[in-house]
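Containing mmCIF, C-alpha atoms and all ligand atoms: model25.cif.
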```cif
data_my_file
#
loop_
_atom_site.label_atom_id
_atom_site.label_comp_id
_atom_site.auth_asym_id
_atom_site.auth_seq_id
_atom_site.Cartn_x
_atom_site.Cartn_y
_atom_site.Cartn_z
CA MET A 1 -0.39 -19.18 -23.13
CA ARG A 2 1.43 -16.41 -21.26
CA GLU A 3 -0.18 -15.55 -17.95
CA PRO A 4 -1.88 -12.16 -17.88
CA VAL A 5 0.06 -9.09 -16.75
CA LEU A 6 -1.55 -7.53 -13.68
CA LEU A 7 -1.95 -3.76 -13.90
CA THR A 8 -3.31 -3.80 -10.36
CA PRO A 9 -1.75 -2.43 -7.17
CA GLY A 10 -1.23 -5.78 -5.40
CA PRO A 11 -1.54 -8.62 -6.00
CA LEU A 12 0.67 -7.56 -8.85
CA THR A 13 2.97 -9.08 -11.42
CA THR A 14 5.92 -10.76 -9.69
CA SER A 15 9.20 -11.91 -11.19
CA LEU A 16 10.03 -15.50 -12.05
CA ALA A 17 12.72 -15.50 -9.32
CA THR A 18 10.12 -14.52 -6.73
CA LYS A 19 7.70 -17.19 -7.92
CA THR A 20 10.32 -19.93 -7.96
CA ALA A 21 11.50 -19.02 -4.43
CA MET A 22 8.13 -20.35 -3.26
CA LEU A 23 8.71 -23.90 -4.52
CA ARG A 24 10.32 -25.06 -1.27
CA ASP A 25 8.50 -26.15 1.87
CA TRP A 26 9.70 -24.72 5.19
CA GLY A 27 9.27 -26.00 8.73
CA SER A 28 8.03 -23.13 10.86
CA TRP A 29 10.10 -24.37 13.83
CA ASP A 30 13.25 -24.69 11.78
CA THR A 31 16.21 -22.42 12.45
CA ALA A 32 16.51 -21.69 8.74
CA PHE A 33 13.00 -20.31 8.71
CA ASN A 34 13.63 -18.22 11.84
CA GLN A 35 16.67 -16.76 10.13
CA LEU A 36 14.58 -15.98 7.08
CA SER A 37 12.11 -14.05 9.27
CA ALA A 38 14.86 -12.15 11.04
CA SER A 39 16.60 -11.19 7.80
CA VAL A 40 13.37 -9.96 6.19
CA CYS A 41 12.52 -7.86 9.25
CA SER A 42 15.97 -6.33 9.41
CA ASP A 43 15.89 -5.45 5.68
CA LEU A 44 12.44 -3.87 6.02
CA LEU A 45 13.67 -1.69 8.89
CA ALA A 46 16.71 -0.69 6.87
CA ILE A 47 14.51 0.64 4.05
CA ALA A 48 13.23 3.30 6.49
CA ASP A 49 16.65 3.58 8.20
CA ALA A 50 14.70 2.78 11.36
CA GLY A 51 16.79 0.00 12.92
CA ASP A 52 17.86 2.07 15.94
CA SER A 53 14.45 3.43 16.88
CA HIS A 54 11.91 0.94 15.57
CA VAL A 55 11.22 -2.78 15.38
CA CYS A 56 9.60 -4.74 12.58
CA VAL A 57 6.65 -6.97 13.47
CA PRO A 58 5.45 -9.26 10.67
CA LEU A 59 1.82 -10.37 10.66
CA GLN A 60 -0.18 -13.04 8.82
CA GLY A 61 -2.95 -11.77 6.57
CA SER A 62 -3.57 -8.96 4.12
CA GLY A 63 -2.61 -5.35 4.71
CA THR A 64 -5.84 -4.42 6.48
CA PHE A 65 -5.08 -6.97 9.21
CA ALA A 66 -1.86 -5.11 10.01
CA VAL A 67 -3.56 -1.69 9.98
CA GLU A 68 -6.10 -3.05 12.43
CA ALA A 69 -3.33 -4.61 14.54
CA ALA A 70 -1.24 -1.42 14.63
CA ILE A 71 -4.16 0.76 15.72
CA GLY A 72 -5.59 -1.82 18.11
CA THR A 73 -2.20 -2.27 19.78
CA LEU A 74 -0.84 1.29 19.86
CA LEU A 75 -3.98 3.34 20.45
CA PRO A 76 -5.00 3.12 24.12
CA ARG A 77 -8.52 1.77 24.65
CA ASP A 78 -9.67 5.21 25.77
CA GLY A 79 -7.61 7.00 23.12
CA THR A 80 -8.98 8.84 20.11
CA LEU A 81 -7.60 8.54 16.58
CA LEU A 82 -7.78 11.49 14.23
CA VAL A 83 -8.02 9.98 10.75
CA LEU A 84 -7.14 11.97 7.65
CA VAL A 85 -9.64 10.84 5.03
CA ASN A 86 -9.39 11.56 1.33
CA GLY A 87 -10.41 8.25 -0.12
CA ALA A 88 -11.63 4.73 0.55
CA TYR A 89 -8.58 3.54 2.50
CA GLY A 90 -8.75 6.53 4.88
CA GLU A 91 -12.42 5.76 5.41
CA ARG A 92 -11.55 2.09 6.00
CA MET A 93 -9.01 3.08 8.67
CA ALA A 94 -11.63 5.21 10.45
CA ARG A 95 -14.22 2.45 10.16
CA LEU A 96 -12.01 -0.38 11.46
CA THR A 97 -11.05 1.80 14.44
CA GLU A 98 -14.73 2.39 15.23
CA VAL A 99 -15.50 -1.31 14.84
CA MET A 100 -12.93 -2.13 17.52
CA GLY A 101 -14.72 0.32 19.82
CA ARG A 102 -12.25 3.20 19.79
CA ARG A 103 -13.14 6.84 19.24
CA VAL A 104 -12.45 8.49 15.90
CA VAL A 105 -12.36 12.07 14.66
CA ARG A 106 -12.40 12.31 10.86
CA LEU A 107 -10.72 15.19 9.05
CA THR A 108 -12.08 14.82 5.54
CA PHE A 109 -10.84 16.20 2.24
CA ALA A 110 -12.16 15.73 -1.29
CA ASP A 111 -10.98 12.60 -3.11
CA HIS A 112 -8.80 14.68 -5.45
CA GLN A 113 -7.28 16.84 -2.69
CA ALA A 114 -4.17 16.10 -0.67
CA VAL A 115 -4.33 16.46 3.10
CA CYS A 116 -3.73 20.10 4.08
CA PRO A 117 -1.16 20.31 6.93
CA ARG A 118 -2.56 23.65 8.12
CA ARG A 119 -6.04 22.20 8.54
CA LEU A 120 -4.46 19.25 10.38
CA ALA A 121 -2.69 21.62 12.80
CA ALA A 122 -5.98 23.41 13.47
CA ALA A 123 -7.82 20.13 14.01
CA LEU A 124 -5.21 18.91 16.48
CA ALA A 125 -5.47 22.18 18.42
CA ALA A 126 -9.26 21.78 18.52
CA HIS A 127 -9.07 18.11 19.54
CA PRO A 128 -6.63 17.62 22.40
CA GLU A 129 -8.22 14.19 23.02
CA CYS A 130 -6.67 12.84 19.79
CA SER A 131 -3.54 11.05 21.00
CA HIS A 132 -2.82 9.53 17.56
CA VAL A 133 -3.21 10.53 13.92
CA GLY A 134 -3.77 8.07 11.08
CA VAL A 135 -2.84 8.86 7.49
CA ILE A 136 -2.78 7.05 4.16
CA HIS A 137 0.53 7.69 2.41
CA CYS A 138 -0.63 6.88 -1.13
CA GLU A 139 -4.45 6.72 -1.29
CA THR A 140 -4.70 3.76 -3.65
CA SER A 141 -8.40 4.33 -4.31
CA THR A 142 -7.33 7.22 -6.60
CA GLY A 143 -3.49 7.17 -6.68
CA LEU A 144 -3.18 10.37 -4.64
CA LEU A 145 0.03 11.13 -2.74
CA ASN A 146 -0.37 12.82 0.64
CA PRO A 147 2.43 15.18 1.86
CA LEU A 148 3.76 12.76 4.46
CA GLU A 149 6.78 14.69 5.66
CA GLN A 150 4.76 17.85 6.36
CA ILE A 151 1.99 15.86 8.03
CA ALA A 152 4.53 14.07 10.25
CA GLY A 153 6.05 17.45 11.18
CA VAL A 154 2.67 18.85 12.24
CA VAL A 155 1.83 15.72 14.25
CA ALA A 156 5.21 15.70 16.02
CA ALA A 157 5.02 19.45 16.78
CA ALA A 158 1.62 18.87 18.41
CA GLY A 159 3.07 16.05 20.53
CA ARG A 160 0.86 13.34 18.99
CA ALA A 161 1.82 9.96 17.52
CA LEU A 162 1.51 9.13 13.81
CA ILE A 163 0.27 5.84 12.31
CA ILE A 164 1.03 5.62 8.59
CA ASP A 165 -0.70 3.28 6.17
CA SER A 166 2.07 3.20 3.58
CA MET A 167 0.72 0.02 2.05
CA SER A 168 1.01 1.04 -1.59
CA ALA A 169 4.03 3.34 -1.20
CA PHE A 170 6.60 1.76 1.10
CA GLY A 171 9.68 0.57 -0.74
CA ALA A 172 9.16 2.98 -3.64
CA LEU A 173 8.41 6.37 -2.09
CA PRO A 174 11.03 7.36 0.49
CA VAL A 175 10.16 7.27 4.20
CA LEU A 176 13.09 7.81 6.54
CA ALA A 177 12.27 7.51 10.23
CA ARG A 178 14.50 10.43 11.15
CA GLN A 179 12.75 12.80 8.72
CA VAL A 180 9.24 11.42 9.12
CA PRO A 181 8.66 10.67 12.81
CA PHE A 182 6.15 7.84 13.16
CA ALA A 183 4.88 5.50 15.87
CA ALA A 184 3.93 2.91 13.27
CA LEU A 185 4.22 2.40 9.53
CA VAL A 186 2.20 -0.39 7.98
CA SER A 187 2.84 -2.07 4.64
CA SER A 188 2.52 -5.47 3.03
CA ALA A 189 4.52 -7.94 0.96
CA ASN A 190 2.48 -7.61 -2.20
CA LYS A 191 2.78 -3.97 -3.23
CA CYS A 192 5.92 -1.98 -4.03
CA LEU A 193 8.19 -4.70 -2.64
CA GLU A 194 6.73 -7.02 -5.31
CA GLY A 195 6.13 -10.07 -3.15
CA VAL A 196 2.92 -12.09 -3.06
CA PRO A 197 -0.11 -11.59 -0.80
CA GLY A 198 -0.41 -13.26 2.62
CA MET A 199 1.59 -11.19 5.05
CA ALA A 200 2.01 -7.61 6.15
CA PHE A 201 4.31 -5.88 8.61
CA VAL A 202 4.45 -2.94 10.98
CA LEU A 203 7.52 -0.85 11.67
CA ALA A 204 6.74 0.24 15.21
CA GLU A 205 8.61 2.60 17.49
CA ARG A 206 10.23 0.32 20.02
CA GLN A 207 9.27 2.30 23.15
CA ALA A 208 5.68 2.84 22.00
CA LEU A 209 5.26 -0.84 21.23
CA LEU A 210 6.78 -2.01 24.51
CA ALA A 211 4.44 0.35 26.39
CA SER A 212 1.35 -1.05 24.65
CA ALA A 213 1.06 -4.43 26.40
CA ALA A 214 -2.59 -4.45 27.44
CA ASN A 215 -4.16 -2.30 24.72
CA SER A 216 -5.22 -4.87 22.15
CA HIS A 217 -8.84 -5.96 21.97
CA SER A 218 -7.77 -9.00 19.92
CA LEU A 219 -5.49 -11.95 20.55
CA ALA A 220 -4.60 -12.66 16.93
CA LEU A 221 -4.02 -8.99 16.11
CA ASP A 222 -1.96 -8.14 19.19
CA LEU A 223 1.29 -6.76 17.78
CA HIS A 224 2.89 -6.46 21.20
CA ASP A 225 2.32 -10.15 21.84
CA GLN A 226 3.53 -11.05 18.35
CA TYR A 227 6.69 -9.03 18.91
CA VAL A 228 7.46 -10.39 22.37
CA TYR A 229 6.96 -13.96 21.16
CA LEU A 230 9.14 -13.41 18.11
CA GLN A 231 11.88 -11.89 20.28
CA ARG A 232 11.76 -14.77 22.72
CA SER A 233 11.47 -17.70 20.30
CA GLY A 234 12.48 -16.43 16.88
CA GLN A 235 9.10 -17.70 15.70
CA TRP A 236 5.81 -16.17 14.70
CA ARG A 237 2.85 -16.80 17.00
CA PHE A 238 0.50 -19.08 15.02
CA THR A 239 1.21 -20.61 11.61
CA PRO A 240 3.38 -18.31 9.49
CA PRO A 241 2.87 -17.90 5.73
CA THR A 242 6.12 -19.74 5.03
CA HIS A 243 6.06 -19.61 1.22
CA VAL A 244 4.99 -15.97 1.20
CA LEU A 245 7.92 -15.05 3.45
CA ALA A 246 10.34 -16.95 1.19
CA GLY A 247 8.87 -15.07 -1.78
CA LEU A 248 9.36 -11.76 0.03
CA ARG A 249 12.97 -12.70 0.86
CA ALA A 250 13.61 -13.28 -2.86
CA ALA A 251 11.77 -10.08 -3.80
CA LEU A 252 13.90 -8.12 -1.31
CA ASP A 253 17.09 -9.67 -2.71
CA GLN A 254 16.10 -8.43 -6.16
CA TYR A 255 15.07 -5.06 -4.76
CA LEU A 256 18.45 -4.55 -3.09
CA ALA A 257 20.43 -5.85 -6.07
CA ALA A 258 18.60 -3.42 -8.38
CA GLY A 259 19.49 -0.42 -6.19
CA GLY A 260 16.82 -0.36 -3.47
CA GLN A 261 14.28 2.43 -2.97
CA PRO A 262 15.74 5.04 -5.37
CA ALA A 263 15.86 2.49 -8.20
CA ARG A 264 12.35 1.20 -7.47
CA LEU A 265 11.00 4.75 -7.49
CA ALA A 266 12.83 5.57 -10.73
CA ARG A 267 11.36 2.54 -12.50
CA TYR A 268 7.84 3.33 -11.30
CA GLN A 269 8.22 6.99 -12.28
CA ALA A 270 9.31 5.96 -15.76
CA ASN A 271 6.35 3.54 -15.99
CA ALA A 272 3.99 6.26 -14.77
CA ALA A 273 5.25 8.86 -17.25
CA ARG A 274 4.91 6.40 -20.12
CA LEU A 275 1.42 5.42 -19.03
CA ARG A 276 0.29 9.03 -18.55
CA ASP A 277 1.52 10.02 -22.02
CA GLY A 278 -0.04 6.95 -23.61
CA LEU A 279 -3.41 7.55 -21.95
CA ARG A 280 -3.34 11.13 -23.16
CA ARG A 281 -2.64 9.96 -26.72
CA LEU A 282 -5.70 7.72 -26.46
CA GLY A 283 -7.76 10.76 -25.49
CA LEU A 284 -8.33 9.45 -21.95
CA ARG A 285 -8.24 11.85 -19.00
CA SER A 286 -6.61 11.21 -15.64
CA TYR A 287 -8.77 11.94 -12.61
CA LEU A 288 -5.99 13.53 -10.51
CA ALA A 289 -3.94 16.66 -11.18
CA GLU A 290 -0.28 15.87 -11.78
CA ASP A 291 0.93 17.57 -8.59
CA VAL A 292 -0.91 15.05 -6.36
CA GLN A 293 -0.45 11.97 -8.56
CA ALA A 294 1.79 9.23 -7.09
CA PRO A 295 3.69 7.00 -9.57
CA ILE A 296 1.74 3.97 -8.34
CA ILE A 297 -1.72 3.81 -9.89
CA PHE A 298 -3.79 6.05 -12.19
CA THR A 299 -7.49 6.71 -11.99
CA VAL A 300 -8.79 7.33 -15.51
CA HIS A 301 -12.14 8.80 -16.52
CA ALA A 302 -14.18 6.35 -18.55
CA PRO A 303 -14.44 7.29 -22.22
CA PRO A 304 -17.44 9.66 -22.37
CA LEU A 305 -19.35 7.50 -24.82
CA PRO A 306 -22.84 6.04 -24.58
CA GLY A 307 -23.01 2.40 -23.61
CA TYR A 308 -19.64 2.33 -21.82
CA ARG A 309 -19.32 -0.56 -19.40
CA PHE A 310 -16.17 -1.34 -17.40
CA ALA A 311 -16.90 -5.07 -17.55
CA ALA A 312 -16.76 -5.02 -21.36
CA LEU A 313 -13.52 -3.03 -21.39
CA TYR A 314 -12.04 -5.34 -18.76
CA GLN A 315 -12.87 -8.43 -20.83
CA ALA A 316 -11.52 -6.94 -24.07
CA VAL A 317 -8.24 -5.93 -22.39
CA ARG A 318 -8.11 -9.27 -20.54
CA ALA A 319 -8.39 -11.12 -23.86
CA ARG A 320 -5.22 -9.28 -24.90
CA GLY A 321 -3.31 -10.39 -21.79
CA PHE A 322 -3.70 -7.50 -19.32
CA ILE A 323 -5.75 -7.07 -16.15
CA LEU A 324 -7.22 -3.65 -15.37
CA TYR A 325 -8.62 -2.52 -12.02
CA PRO A 326 -12.11 -1.10 -11.53
CA GLY A 327 -12.64 2.46 -10.30
CA LYS A 328 -13.51 3.08 -6.66
CA LEU A 329 -15.17 6.49 -6.90
CA THR A 330 -18.88 7.02 -6.52
CA SER A 331 -18.85 10.56 -7.94
CA CYS A 332 -17.86 9.62 -11.50
CA GLU A 333 -17.27 6.63 -13.77
CA THR A 334 -13.57 5.68 -13.74
CA PHE A 335 -11.21 2.75 -14.02
CA ARG A 336 -7.69 2.30 -12.67
CA ILE A 337 -4.36 1.18 -14.12
CA GLY A 338 -1.42 0.44 -11.87
CA CYS A 339 2.20 0.87 -12.91
CA ILE A 340 3.83 -1.11 -10.08
CA GLY A 341 5.02 -4.72 -10.14
CA ALA A 342 7.68 -6.49 -12.17
CA LEU A 343 6.96 -4.33 -15.22
CA ASP A 344 8.89 -1.79 -17.20
CA GLY A 345 8.52 0.24 -20.37
CA ALA A 346 7.99 -2.76 -22.65
CA GLU A 347 4.99 -4.04 -20.67
CA ILE A 348 3.53 -0.53 -20.36
CA ASP A 349 3.74 -0.08 -24.14
CA GLN A 350 2.09 -3.47 -24.70
CA ALA A 351 -0.60 -2.60 -22.18
CA LEU A 352 -1.32 0.69 -23.94
CA ALA A 353 -1.54 -1.12 -27.28
CA ALA A 354 -3.95 -3.65 -25.75
CA LEU A 355 -6.05 -0.85 -24.27
CA ALA A 356 -6.14 1.00 -27.62
CA ALA A 357 -7.20 -2.14 -29.47
CA ALA A 358 -9.86 -2.94 -26.87
CA LEU A 359 -11.28 0.60 -26.94
CA ASP A 360 -11.33 0.43 -30.73
CA GLU A 361 -13.07 -2.95 -30.80
CA LEU A 362 -15.75 -1.68 -28.42
CA GLY A 363 -16.23 1.60 -30.27
CA TYR A 364 -15.13 3.49 -27.13
CA LEU A 365 -12.18 5.29 -28.65
CA PRO A 366 -13.03 8.99 -28.38
CA ALA A 367 -10.01 10.22 -30.32
CA ALA A 368 -9.01 7.34 -32.54
CA GLU A 369 -7.12 9.63 -34.90
CA VAL A 370 -4.46 10.34 -32.26
CA ALA A 371 -3.92 6.72 -31.23
CA ALA A 372 -0.76 6.28 -33.23
C1 LIG A 401 -3.73 -2.44 -0.44
C2 LIG A 401 -3.99 -1.41 0.58
C3 LIG A 401 -4.42 -1.74 1.88
C4 LIG A 401 -4.67 -3.15 2.33
O1 LIG A 401 -5.60 -3.79 1.60
P1 LIG A 401 -5.72 -5.38 1.73
O2 LIG A 401 -6.77 -5.69 0.71
O3 LIG A 401 -6.13 -5.68 3.11
O4 LIG A 401 -4.36 -5.93 1.41
C5 LIG A 401 -4.55 -0.74 2.81
N1 LIG A 401 -4.29 0.53 2.49
C6 LIG A 401 -3.89 0.90 1.27
C7 LIG A 401 -3.60 2.34 1.00
C8 LIG A 401 -3.73 -0.06 0.27
O5 LIG A 401 -3.31 0.30 -0.96
#
```
For the structure just supplied, provide its representation as structure tokens.
Amino acid sequence: MREPVLLTPGPLTTSLATKTAMLRDWGSWDTAFNQLSASVCSDLLAIADAGDSHVCVPLQGSGTFAVEAAIGTLLPRDGTLLVLVNGAYGERMARLTEVMGRRVVRLTFADHQAVCPRRLAAALAAHPECSHVGVIHCETSTGLLNPLEQIAGVVAAAGRALIIDSMSAFGALPVLARQVPFAALVSSANKCLEGVPGMAFVLAERQALLASAANSHSLALDLHDQYVYLQRSGQWRFTPPTHVLAGLRAALDQYLAAGGQPARLARYQANAARLRDGLRRLGLRSYLAEDVQAPIIFTVHAPPLPGYRFAALYQAVRARGFILYPGKLTSCETFRIGCIGALDGAEIDQALAALAAALDELGYLPAAEVAA
């Protein structure tokens, strides 16, 4: 049987070429593997046109490990991070900073509201102790897109440093270092670059990173140490995720051959438009207004019918070959559908047909007459 299509924001559906690139074993001391690391890092920097100003530091683990590493390395121990919170990942960034014993100021917005640059400017004026600002580019808990360029402008004008969690956006949504000044941008292999989980990376401003030698509270998450070691030896400190890196190399080859960031964004936008129209035809409502919706993942209100259970919908859609994602909001009952991964219009149409059939089977279809 065909493996299920993941409509989730990472792990996500990867191509056959990416999967087959992981069939070879690599020696972590081997020159060929060192070259693989160097080529991946240089391609990741090129996506942000950041090769002159920034360096790329790869890190073992999931995306959160790299967020923790970036903050723990770049934020001085007595520094304060202002975190822009409008969803679960913003809250996670604030929380992990507190857990490592650093001070945090939260600037909170509603889950359906983008960060307001004017409120940020006011908060920075009121909090001169905040040396750094943390922001989530695409808040994956809802699919909301924050206005990164304006936020970066406000942060730079106030003389502070910006740490961007662009986990679910980098590679698809444009981030050019010259237009969006940042001290660090964090992303991972298994989102818009369409690799598999197991490693993340930080694009860090070279000077800021080199000046951060003694900041880290952690040995394993010390990005400065990781960078210095990689520079000196060509190797990662500690066992690298060899197969994951080879998968990312293959995913990047496909990414570049297909036209890079503009092409990736265009495919995701087409997927998103198709999904949005299809959901509407099924009578389902999106949680976010269109002007803040990123073409990455949709949060959808549960059908307003008695007896609705996500687990039942999940199983019925799963039986038809597609994997949905649960909602992450506490204020209302929702589920999520991603439109990233090695998918295009054909898979989106099949997914919508599977969703319609599942809703119908469960008696959840609120507007069955329009589901043509
Ligand atoms: C996926 C994601 C992360 C990292 O989550 P992990 O489960 O650690 O990979 C962080 N921030 C955002 C916005 C994400 O989408």
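With atom CA of Ala50 of chain A on one side and atom CA of Thr80 of chain A on the other, the separation reads 26.0 Å.
Comparing the minimum interatomic distances between Asn34 of chain A and each of A:Leu12, A:Ala263, A:Ala246, A:Met22, counting all atoms listed in the file, we find that A:Ala246 sits nearest.
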Residue contacts of segment 337-354 of chain A (8 Å, all atoms listed in the file) excluding same-chain residues fewer than 4 positions away, as a ChimeraX atom specification: /A:6-10,12-15,191-192,194,267-268,270-272,274-275,278-279,295-300,317,320-322,324-325,358
Distance in Å - atom CA of Ser131 of chain A versus atom CA of Ile71 of chain A: 11.6 Å
Grab me every residue within 8 Å of ligand LIG 401 (chain A), counting only C-alpha atoms and all ligand atoms, and send it over as a PDB file with C-alpha atoms, in the coordinates of the input.
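Generated file (part-v3.pdb):
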```pdb
ATOM      1  CA  PRO A   9      -1.750  -2.430  -7.170  1.00  0.00           C
ATOM      2  CA  GLY A  10      -1.230  -5.780  -5.400  1.00  0.00           C
ATOM      3  CA  GLY A  61      -2.950 -11.770   6.570  1.00  0.00           C
ATOM      4  CA  SER A  62      -3.570  -8.960   4.120  1.00  0.00           C
ATOM      5  CA  GLY A  63      -2.610  -5.350   4.710  1.00  0.00           C
ATOM      6  CA  THR A  64      -5.840  -4.420   6.480  1.00  0.00           C
ATOM      7  CA  PHE A  65      -5.080  -6.970   9.210  1.00  0.00           C
ATOM      8  CA  VAL A  67      -3.560  -1.690   9.980  1.00  0.00           C
ATOM      9  CA  TYR A  89      -8.580   3.540   2.500  1.00  0.00           C
ATOM     10  CA  GLY A  90      -8.750   6.530   4.880  1.00  0.00           C
ATOM     11  CA  ILE A 136      -2.780   7.050   4.160  1.00  0.00           C
ATOM     12  CA  HIS A 137       0.530   7.690   2.410  1.00  0.00           C
ATOM     13  CA  CYS A 138      -0.630   6.880  -1.130  1.00  0.00           C
ATOM     14  CA  GLU A 139      -4.450   6.720  -1.290  1.00  0.00           C
ATOM     15  CA  THR A 140      -4.700   3.760  -3.650  1.00  0.00           C
ATOM     16  CA  SER A 141      -8.400   4.330  -4.310  1.00  0.00           C
ATOM     17  CA  ASP A 165      -0.700   3.280   6.170  1.00  0.00           C
ATOM     18  CA  SER A 166       2.070   3.200   3.580  1.00  0.00           C
ATOM     19  CA  MET A 167       0.720   0.020   2.050  1.00  0.00           C
ATOM     20  CA  SER A 168       1.010   1.040  -1.590  1.00  0.00           C
ATOM     21  CA  ALA A 169       4.030   3.340  -1.200  1.00  0.00           C
ATOM     22  CA  SER A 187       2.840  -2.070   4.640  1.00  0.00           C
ATOM     23  CA  SER A 188       2.520  -5.470   3.030  1.00  0.00           C
ATOM     24  CA  ASN A 190       2.480  -7.610  -2.200  1.00  0.00           C
ATOM     25  CA  LYS A 191       2.780  -3.970  -3.230  1.00  0.00           C
ATOM     26  CA  PRO A 197      -0.110 -11.590  -0.800  1.00  0.00           C
TER      27      PRO A 197
END
```
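For the pair atom CA of Asp360 of chain A and atom CA of Gln269 of chain A, the separation is 27.7 Å.
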Applying 8 Å and all atoms listed in the file, which residues near segment 121-127 of chain A remain after dropping the ones on its own chain fewer than 5 positions away? List them as a JSON list (two decimals) with C-alpha atoms, in the frame of the given file.
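The result, written out as part26.json:
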```
[["chain", "number", "residue", "atom", "x", "y", "z"],
["A", 107, "LEU", "CA", -10.72, 15.19, 9.05],
["A", 154, "VAL", "CA", 2.67, 18.85, 12.24],
["A", 155, "VAL", "CA", 1.83, 15.72, 14.25],
["A", 158, "ALA", "CA", 1.62, 18.87, 18.41]]
```
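Counting only C-alpha atoms, the residue from A:Val135, A:Ala208, A:Ala156, A:Ala251 that sits nearest to Ala17 of chain A is A:Ala251.
Distances to Leu120 of chain A were evaluated for A:Leu84, A:Ala294, A:Ala184, A:Val99 using only C-alpha atoms, and the minimum falls at A:Leu84.
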Distance query Arg249 of chain A at most 12 Å, all atoms listed in the file, self and fewer than 3 positions along chain excluded, as an NGL selection string: :A and (17-22 or 33 or 35-44 or 189 or 193-196 or 242-246 or 252-256)
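Closest to Gly307 of chain A among A:Leu362, A:Leu248, A:Ala172, A:Ala200 is A:Leu362, based on only C-alpha atoms.
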Fewer than 2 positions away in the same chain doesn't count, so skip those; otherwise give me all residues within 9 Å of Thr73 of chain A, counting only C-alpha atoms, as a compact mmCIF listing (two decimals) with C-alpha atoms, in the coordinates of the input.
```txt
# COMPACT_ATOMS: atom_id res chain seq x y z
CA GLU A 68 -6.10 -3.05 12.43
CA ALA A 69 -3.33 -4.61 14.54
CA ALA A 70 -1.24 -1.42 14.63
CA ILE A 71 -4.16 0.76 15.72
CA LEU A 75 -3.98 3.34 20.45
CA PRO A 76 -5.00 3.12 24.12
CA ARG A 77 -8.52 1.77 24.65
CA LEU A 209 5.26 -0.84 21.23
CA SER A 212 1.35 -1.05 24.65
CA ALA A 213 1.06 -4.43 26.40
CA ALA A 214 -2.59 -4.45 27.44
CA ASN A 215 -4.16 -2.30 24.72
CA SER A 216 -5.22 -4.87 22.15
CA HIS A 217 -8.84 -5.96 21.97
CA SER A 218 -7.77 -9.00 19.92
CA LEU A 221 -4.02 -8.99 16.11
CA ASP A 222 -1.96 -8.14 19.19
CA LEU A 223 1.29 -6.76 17.78
CA HIS A 224 2.89 -6.46 21.20
```
Spatial neighbours of His112 of chain A, max dist 10 Å, all atoms listed in the file, sep filter under 3 positions, as a list in words: Asn86, Gly87, Phe109, Val115, Glu139, Thr142, Gly143, Leu144, Leu145, Tyr287, Leu288, Ala289, Val292 and Gln293 of chain A
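When only C-alpha atoms are used to compute distances to Gln150 of chain A, the closest of the residues A:Gly260, A:Pro117, A:Gly247, A:Pro11 turns out to be A:Pro117.
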Would you be able to write out as an mmCIF file with C-alpha atoms, in the coordinates of the input which residues have an atom within 7 Å of (5.0, -14.5, 6.3) in the file's coordinates, counting only C-alpha atoms?
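Writing the result to result_27.cif gives the following:
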```cif
data_model
loop_
_atom_site.group_PDB
_atom_site.id
_atom_site.type_symbol
_atom_site.label_atom_id
_atom_site.label_comp_id
_atom_site.auth_asym_id
_atom_site.auth_seq_id
_atom_site.Cartn_x
_atom_site.Cartn_y
_atom_site.Cartn_z
ATOM 1 C CA PRO A 58 5.450 -9.260 10.670
ATOM 2 C CA LEU A 59 1.820 -10.370 10.660
ATOM 3 C CA GLN A 60 -0.180 -13.040 8.820
ATOM 4 C CA GLY A 198 -0.410 -13.260 2.620
ATOM 5 C CA MET A 199 1.590 -11.190 5.050
ATOM 6 C CA PRO A 240 3.380 -18.310 9.490
ATOM 7 C CA PRO A 241 2.870 -17.900 5.730
ATOM 8 C CA THR A 242 6.120 -19.740 5.030
ATOM 9 C CA VAL A 244 4.990 -15.970 1.200
ATOM 10 C CA LEU A 245 7.920 -15.050 3.450
#
```
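If only C-alpha atoms are the atoms counted, then among A:Ile47, A:Ala273, A:Leu305, A:Leu82 the closest residue to Arg103 of chain A is A:Leu82.
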